[in-house]
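What follows is start-v3.pdb (PDB, C-alpha atoms).
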MODEL        1
ATOM      1  CA  MET A1335      61.058 -39.118 101.012
ATOM      2  CA  ARG A1336      64.106 -38.605  98.847
ATOM      3  CA  LEU A1337      63.788 -39.238  95.085
ATOM      4  CA  PRO A1338      66.556 -40.909  93.087
ATOM      5  CA  LYS A1339      68.795 -38.506  91.090
ATOM      6  CA  PRO A1340      67.552 -39.640  87.621
ATOM      7  CA  ILE A1341      63.944 -38.917  88.617
ATOM      8  CA  CYS A1342      64.912 -35.498  90.054
ATOM      9  CA  ALA A1343      66.725 -34.644  86.842
ATOM     10  CA  ALA A1344      63.721 -35.709  84.757
ATOM     11  CA  LEU A1345      61.353 -33.616  86.883
ATOM     12  CA  LEU A1346      63.607 -30.568  86.592
ATOM     13  CA  ALA A1347      63.842 -30.994  82.802
ATOM     14  CA  LEU A1348      60.079 -31.436  82.356
ATOM     15  CA  PRO A1349      59.210 -27.690  82.330
ATOM     16  CA  LEU A1350      61.856 -27.100  79.659
ATOM     17  CA  LEU A1351      60.514 -29.891  77.491
ATOM     18  CA  LEU A1352      56.916 -28.744  77.907
ATOM     19  CA  GLY A1353      57.923 -25.149  77.176
ATOM     20  CA  GLY A1354      59.311 -26.253  73.834
ATOM     21  CA  CYS A1355      56.015 -27.949  73.009
ATOM     22  CA  ALA A1356      54.030 -24.839  73.881
ATOM     23  CA  SER A1357      55.684 -22.711  71.213
ATOM     24  CA  THR A1358      53.161 -20.879  69.037
ATOM     25  CA  GLU A1359      55.598 -20.346  66.178
ATOM     26  CA  GLU A1360      55.227 -22.845  63.369
ATOM     27  CA  ASP A1361      58.442 -24.256  61.998
ATOM     28  CA  THR A1362      59.141 -22.909  58.546
ATOM     29  CA  ASN A1363      59.713 -25.929  56.395
ATOM     30  CA  TYR A1364      58.625 -27.195  53.006
ATOM     31  CA  THR A1365      55.356 -28.583  54.366
ATOM     32  CA  SER A1366      54.251 -25.361  56.043
ATOM     33  CA  VAL A1367      55.355 -23.171  53.128
ATOM     34  CA  SER A1368      53.716 -25.293  50.448
ATOM     35  CA  ALA A1369      50.514 -25.454  52.505
ATOM     36  CA  ASN A1370      50.139 -21.671  52.171
ATOM     37  CA  ALA A1371      47.425 -21.054  49.546
ATOM     38  CA  PHE A1372      49.408 -18.339  47.738
ATOM     39  CA  VAL A1373      52.589 -20.412  47.518
ATOM     40  CA  ALA A1374      50.651 -23.568  46.636
ATOM     41  CA  ALA A1375      48.859 -21.819  43.744
ATOM     42  CA  ASN A1376      52.170 -20.571  42.332
ATOM     43  CA  TYR A1377      53.799 -23.980  42.746
ATOM     44  CA  ARG A1378      50.850 -25.655  40.955
ATOM     45  CA  ALA A1379      51.259 -23.158  38.105
ATOM     46  CA  ALA A1380      54.969 -23.971  37.809
ATOM     47  CA  ASP A1381      54.232 -27.701  37.955
ATOM     48  CA  ALA A1382      51.664 -27.312  35.152
ATOM     49  CA  LEU A1383      54.193 -25.442  33.013
ATOM     50  CA  ALA A1384      56.874 -28.066  33.700
ATOM     51  CA  ALA A1385      54.511 -30.883  32.717
ATOM     52  CA  GLN A1386      53.744 -29.171  29.391
ATOM     53  CA  LEU A1387      57.442 -28.587  28.720
ATOM     54  CA  LYS A1388      58.472 -32.254  29.029
ATOM     55  CA  GLY A1389      60.394 -33.188  25.905
ATOM     56  CA  LYS A1390      60.359 -29.636  24.511
ATOM     57  CA  LEU A1391      63.513 -28.246  26.149
ATOM     58  CA  ALA A1392      67.176 -29.136  26.201
ATOM     59  CA  ASP A1393      68.509 -30.179  29.607
ATOM     60  CA  ASP A1394      71.690 -28.129  29.322
ATOM     61  CA  LYS A1395      70.276 -24.670  28.477
ATOM     62  CA  PRO A1396      68.698 -22.299  31.000
ATOM     63  CA  LEU A1397      65.379 -20.519  31.170
ATOM     64  CA  ILE A1398      64.888 -16.909  32.194
ATOM     65  CA  MET A1399      62.058 -15.777  34.460
ATOM     66  CA  ALA A1400      60.630 -12.366  33.632
ATOM     67  CA  THR A1401      58.695 -10.405  36.221
ATOM     68  CA  VAL A1402      54.940 -10.969  36.151
ATOM     69  CA  VAL A1403      53.428  -7.610  35.166
ATOM     70  CA  ASN A1404      50.139  -5.771  35.471
ATOM     71  CA  ILE A1405      48.199  -6.463  32.253
ATOM     72  CA  ASP A1406      46.824  -2.912  32.226
ATOM     73  CA  ALA A1407      50.289  -1.365  32.492
ATOM     74  CA  LEU A1408      52.891  -3.763  31.081
ATOM     75  CA  GLU A1409      55.817  -1.732  32.393
ATOM     76  CA  GLN A1410      54.513  -1.910  35.960
ATOM     77  CA  THR A1411      54.351  -4.618  38.536
ATOM     78  CA  SER A1412      53.882  -4.951  42.258
ATOM     79  CA  MET A1413      55.112  -7.052  45.139
ATOM     80  CA  LEU A1414      52.566  -9.643  44.001
ATOM     81  CA  GLY A1415      54.050  -9.823  40.500
ATOM     82  CA  ARG A1416      57.602 -10.042  41.774
ATOM     83  CA  LEU A1417      56.757 -12.713  44.358
ATOM     84  CA  VAL A1418      54.792 -14.839  41.862
ATOM     85  CA  SER A1419      57.846 -14.685  39.575
ATOM     86  CA  GLU A1420      60.198 -15.701  42.381
ATOM     87  CA  GLN A1421      58.027 -18.624  43.476
ATOM     88  CA  VAL A1422      57.417 -19.950  39.951
ATOM     89  CA  SER A1423      61.143 -19.737  39.202
ATOM     90  CA  THR A1424      61.994 -21.485  42.471
ATOM     91  CA  ARG A1425      59.556 -24.297  41.810
ATOM     92  CA  LEU A1426      60.838 -24.824  38.272
ATOM     93  CA  ALA A1427      64.385 -25.023  39.671
ATOM     94  CA  GLN A1428      63.214 -27.499  42.324
ATOM     95  CA  GLY A1429      61.936 -29.632  39.453
ATOM     96  CA  GLY A1430      65.370 -29.699  37.841
ATOM     97  CA  MET A1431      65.118 -26.887  35.286
ATOM     98  CA  LYS A1432      68.082 -24.565  34.921
ATOM     99  CA  MET A1433      66.766 -21.152  35.915
ATOM    100  CA  LEU A1434      69.041 -18.189  35.239
ATOM    101  CA  GLU A1435      68.908 -15.690  38.119
ATOM    102  CA  MET A1436      68.698 -12.333  36.373
ATOM    103  CA  LYS A1437      69.097 -10.215  39.499
ATOM    104  CA  LEU A1438      72.761 -11.290  39.561
ATOM    105  CA  ARG A1439      73.368 -10.150  35.996
ATOM    106  CA  ASN A1440      74.467  -6.502  35.747
ATOM    107  CA  SER A1441      73.987  -6.437  31.986
ATOM    108  CA  VAL A1442      70.194  -6.594  32.307
ATOM    109  CA  TYR A1443      68.427  -3.330  32.998
ATOM    110  CA  LEU A1444      66.347  -3.604  36.164
ATOM    111  CA  LYS A1445      63.780  -0.882  36.551
ATOM    112  CA  ARG A1446      63.962   0.490  40.089
ATOM    113  CA  ASN A1447      61.668  -1.483  42.426
ATOM    114  CA  GLN A1448      60.138  -3.389  39.542
ATOM    115  CA  GLY A1449      62.317  -6.433  38.982
ATOM    116  CA  GLU A1450      63.221  -8.067  35.699
ATOM    117  CA  LEU A1451      60.629  -6.512  33.435
ATOM    118  CA  MET A1452      60.805  -7.930  29.969
ATOM    119  CA  LEU A1453      58.830  -6.724  26.984
ATOM    120  CA  THR A1454      58.439  -8.792  23.833
ATOM    121  CA  ARG A1455      60.987  -6.723  21.899
ATOM    122  CA  GLU A1456      63.626  -7.449  24.566
ATOM    123  CA  ILE A1457      63.075 -11.188  24.949
ATOM    124  CA  GLY A1458      65.117 -12.333  21.956
ATOM    125  CA  GLU A1459      68.080 -10.094  22.748
ATOM    126  CA  VAL A1460      68.257 -10.990  26.453
ATOM    127  CA  ALA A1461      67.753 -14.712  25.798
ATOM    128  CA  SER A1462      70.454 -14.725  23.125
ATOM    129  CA  THR A1463      72.896 -12.849  25.354
ATOM    130  CA  HIS A1464      72.400 -15.381  28.161
ATOM    131  CA  ASN A1465      72.031 -18.477  25.945
ATOM    132  CA  ALA A1466      68.507 -19.078  27.295
ATOM    133  CA  GLN A1467      66.255 -21.442  25.402
ATOM    134  CA  ALA A1468      63.018 -20.029  26.799
ATOM    135  CA  VAL A1469      61.601 -17.189  28.852
ATOM    136  CA  VAL A1470      58.825 -17.541  31.429
ATOM    137  CA  VAL A1471      56.563 -14.498  31.270
ATOM    138  CA  GLY A1472      53.334 -13.616  32.973
ATOM    139  CA  SER A1473      50.718 -11.018  33.641
ATOM    140  CA  TYR A1474      48.021 -10.446  36.222
ATOM    141  CA  ALA A1475      44.671  -8.691  36.078
ATOM    142  CA  GLU A1476      42.987  -7.337  39.157
ATOM    143  CA  THR A1477      39.246  -7.359  39.805
ATOM    144  CA  ARG A1478      37.341  -6.428  42.940
ATOM    145  CA  ASP A1479      37.478  -9.976  44.342
ATOM    146  CA  ALA A1480      40.217 -11.828  42.463
ATOM    147  CA  ILE A1481      43.566 -11.712  40.707
ATOM    148  CA  PHE A1482      43.738 -13.546  37.388
ATOM    149  CA  ILE A1483      47.259 -14.714  36.516
ATOM    150  CA  ASN A1484      48.487 -15.897  33.121
ATOM    151  CA  MET A1485      51.873 -17.615  32.782
ATOM    152  CA  LYS A1486      53.564 -18.614  29.530
ATOM    153  CA  VAL A1487      56.875 -20.109  28.483
ATOM    154  CA  ILE A1488      58.001 -18.528  25.219
ATOM    155  CA  GLN A1489      60.691 -19.678  22.806
ATOM    156  CA  PRO A1490      62.548 -16.423  22.158
ATOM    157  CA  THR A1491      63.768 -17.197  18.640
ATOM    158  CA  THR A1492      60.262 -17.839  17.313
ATOM    159  CA  ASN A1493      57.994 -16.189  19.947
ATOM    160  CA  LEU A1494      56.065 -19.483  20.048
ATOM    161  CA  VAL A1495      54.303 -20.313  23.291
ATOM    162  CA  LEU A1496      55.639 -23.670  24.514
ATOM    163  CA  ALA A1497      53.482 -23.856  27.647
ATOM    164  CA  GLY A1498      50.798 -21.817  29.349
ATOM    165  CA  HIS A1499      48.767 -21.794  32.526
ATOM    166  CA  ASP A1500      46.027 -19.586  33.956
ATOM    167  CA  TYR A1501      44.929 -19.424  37.583
ATOM    168  CA  VAL A1502      43.043 -17.228  40.011
ATOM    169  CA  LEU A1503      43.950 -15.974  43.476
ATOM    170  CA  ALA A1504      41.326 -14.752  45.908
ATOM    171  CA  LYS A1505      41.893 -11.067  46.611
ATOM    172  CA  GLU A1506      42.083 -11.492  50.373
ATOM    173  CA  GLY A1507      44.129  -9.472  52.859
ATOM    174  CA  THR A1508      47.618 -10.770  52.124
ATOM    175  CA  VAL A1509      47.174 -10.707  48.357
ATOM    176  CA  ARG A1510      45.520  -7.272  48.502
ATOM    177  CA  SER A1511      48.489  -5.893  50.473
ATOM    178  CA  MET A1512      50.920  -7.064  47.761
ATOM    179  CA  LEU A1513      49.193  -5.158  44.944
ATOM    180  CA  GLN A1514      50.506  -1.706  45.715
ATOM    181  CA  SER A1515      52.758  -0.551  42.843
ATOM    182  CA  TYR A1516      56.049   1.106  43.703
TER     183      TYR A1516
ENDMDL
END

Will you turn the file into structure tokens for me?
Amino acid sequence: MRLPKPICAALLALPLLLGGCASTEEDTNYTSVSANAFVAANYRAADALAAQLKGKLADDKPLIMATVVNIDALEQTSMLGRLVSEQVSTRLAQGGMKMLEMKLRNSVYLKRNQGELMLTREIGEVASTHNAQAVVVGSYAETRDAIFINMKVIQPTTNLVLAGHDYVLAKEGTVRSMLQSY
């Protein structure tokens, strides 16, 4: 029995189509990324800050994101602190805020392997230099089972806190691996 050419072609293509369905790699897209508990927690923090900032900021002036630092050693951070900073900044930009990318500015001192560390005494000067209306700062504290994160948006000319948010991350494997200081 001879099968018609369209049916033969469909039968030959079937293994290829089924092979594509059997892939174990998940597509990296907004849904899969935002479903990650770490990313989702950081995005919720940024959303909470953005909600508190409504009506408090000018649309045409940028914000600066400082690196989230270890509360016990304010001049130190970790991969966790740098990644929290990146994700909060990204989410604020997704929401329409003008976020100034400091890694592209050669006039800001970047401590080797630390990121854009910013102490209170430096906030006003850096913000003025870059015409930023606010700076997003944060710190984290590590316990045996959790990481407590505090985020604030500070007006650099007055040091007033315009918005703030606290949250906790479970200190599971992935988070634990990001805590090593460099």

Selected residue of minimal separation from Leu1513 in chain A among A:Ser1462, A:Gln1467, A:Thr1477, A:Ser1412, counting all atoms listed in the file: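 Ranked by minimum distance to Leu1513 in chain A, first place goes to A:Ser1412.
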
Given the PyMOL selection byres ((chain A and resi 1479) around 7), the residues it picks as a PyMOL selection string: chain A and resi 1477-1478+1480+1504-1505

Å distance separating CA of Val1460 in chain A from CA of Met1431 in chain A, one decimal place: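 Atom-to-atom, CA of Val1460 in chain A to CA of Met1431 in chain A, that is 18.5 Å.
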
Separation of CA of Asp1500 in chain A from CA of Glu1435 in chain A, in Å and rounded to one decimal: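 Atom-to-atom, CA of Asp1500 in chain A to CA of Glu1435 in chain A, that is 23.6 Å.
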
Resolved residues for the PyMOL selection byres ((chain A and resi 1379) around 9) as a PyMOL selection string: chain A and resi 1374-1378+1380-1384+1422+1485+1498-1501

Kindly reconstruct range 1404-1415 of chain A with N, CA, C and O atoms and present the result as a PDB file, in the frame of the given file.
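The resulting file, rebuild-v4.pdb, is shown below:
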ATOM      1  N   ASN A1404      51.542  -6.194  35.481  1.00  0.00           N
ATOM      2  CA  ASN A1404      50.139  -5.771  35.471  1.00  0.00           C
ATOM      3  C   ASN A1404      49.687  -5.694  34.011  1.00  0.00           C
ATOM      4  O   ASN A1404      50.273  -4.952  33.218  1.00  0.00           O
ATOM      5  N   ILE A1405      48.640  -6.406  33.653  1.00  0.00           N
ATOM      6  CA  ILE A1405      48.199  -6.463  32.253  1.00  0.00           C
ATOM      7  C   ILE A1405      47.706  -5.109  31.733  1.00  0.00           C
ATOM      8  O   ILE A1405      47.752  -4.846  30.536  1.00  0.00           O
ATOM      9  N   ASP A1406      47.292  -4.238  32.633  1.00  0.00           N
ATOM     10  CA  ASP A1406      46.824  -2.912  32.226  1.00  0.00           C
ATOM     11  C   ASP A1406      47.951  -1.896  32.095  1.00  0.00           C
ATOM     12  O   ASP A1406      47.734  -0.791  31.595  1.00  0.00           O
ATOM     13  N   ALA A1407      49.125  -2.244  32.574  1.00  0.00           N
ATOM     14  CA  ALA A1407      50.289  -1.365  32.492  1.00  0.00           C
ATOM     15  C   ALA A1407      51.512  -2.280  32.445  1.00  0.00           C
ATOM     16  O   ALA A1407      52.110  -2.579  33.470  1.00  0.00           O
ATOM     17  N   LEU A1408      51.888  -2.718  31.244  1.00  0.00           N
ATOM     18  CA  LEU A1408      52.891  -3.763  31.081  1.00  0.00           C
ATOM     19  C   LEU A1408      54.289  -3.391  31.574  1.00  0.00           C
ATOM     20  O   LEU A1408      55.142  -4.255  31.690  1.00  0.00           O
ATOM     21  N   GLU A1409      54.524  -2.123  31.841  1.00  0.00           N
ATOM     22  CA  GLU A1409      55.817  -1.732  32.393  1.00  0.00           C
ATOM     23  C   GLU A1409      55.746  -1.565  33.902  1.00  0.00           C
ATOM     24  O   GLU A1409      56.675  -1.047  34.516  1.00  0.00           O
ATOM     25  N   GLN A1410      54.658  -2.021  34.509  1.00  0.00           N
ATOM     26  CA  GLN A1410      54.513  -1.910  35.960  1.00  0.00           C
ATOM     27  C   GLN A1410      54.216  -3.272  36.561  1.00  0.00           C
ATOM     28  O   GLN A1410      53.600  -4.121  35.931  1.00  0.00           O
ATOM     29  N   THR A1411      54.661  -3.426  37.778  1.00  0.00           N
ATOM     30  CA  THR A1411      54.351  -4.618  38.536  1.00  0.00           C
ATOM     31  C   THR A1411      54.123  -4.214  39.979  1.00  0.00           C
ATOM     32  O   THR A1411      53.955  -3.033  40.278  1.00  0.00           O
ATOM     33  N   SER A1412      54.113  -5.179  40.839  1.00  0.00           N
ATOM     34  CA  SER A1412      53.882  -4.951  42.258  1.00  0.00           C
ATOM     35  C   SER A1412      54.621  -6.032  43.025  1.00  0.00           C
ATOM     36  O   SER A1412      55.240  -6.924  42.428  1.00  0.00           O
ATOM     37  N   MET A1413      54.534  -5.985  44.335  1.00  0.00           N
ATOM     38  CA  MET A1413      55.112  -7.052  45.139  1.00  0.00           C
ATOM     39  C   MET A1413      54.504  -8.388  44.735  1.00  0.00           C
ATOM     40  O   MET A1413      55.198  -9.403  44.663  1.00  0.00           O
ATOM     41  N   LEU A1414      53.226  -8.410  44.421  1.00  0.00           N
ATOM     42  CA  LEU A1414      52.566  -9.643  44.001  1.00  0.00           C
ATOM     43  C   LEU A1414      53.227 -10.202  42.748  1.00  0.00           C
ATOM     44  O   LEU A1414      53.580 -11.375  42.683  1.00  0.00           O
ATOM     45  N   GLY A1415      53.430  -9.368  41.740  1.00  0.00           N
ATOM     46  CA  GLY A1415      54.050  -9.823  40.500  1.00  0.00           C
ATOM     47  C   GLY A1415      55.459 -10.333  40.707  1.00  0.00           C
ATOM     48  O   GLY A1415      55.854 -11.361  40.147  1.00  0.00           O
TER      49      GLY A1415
END
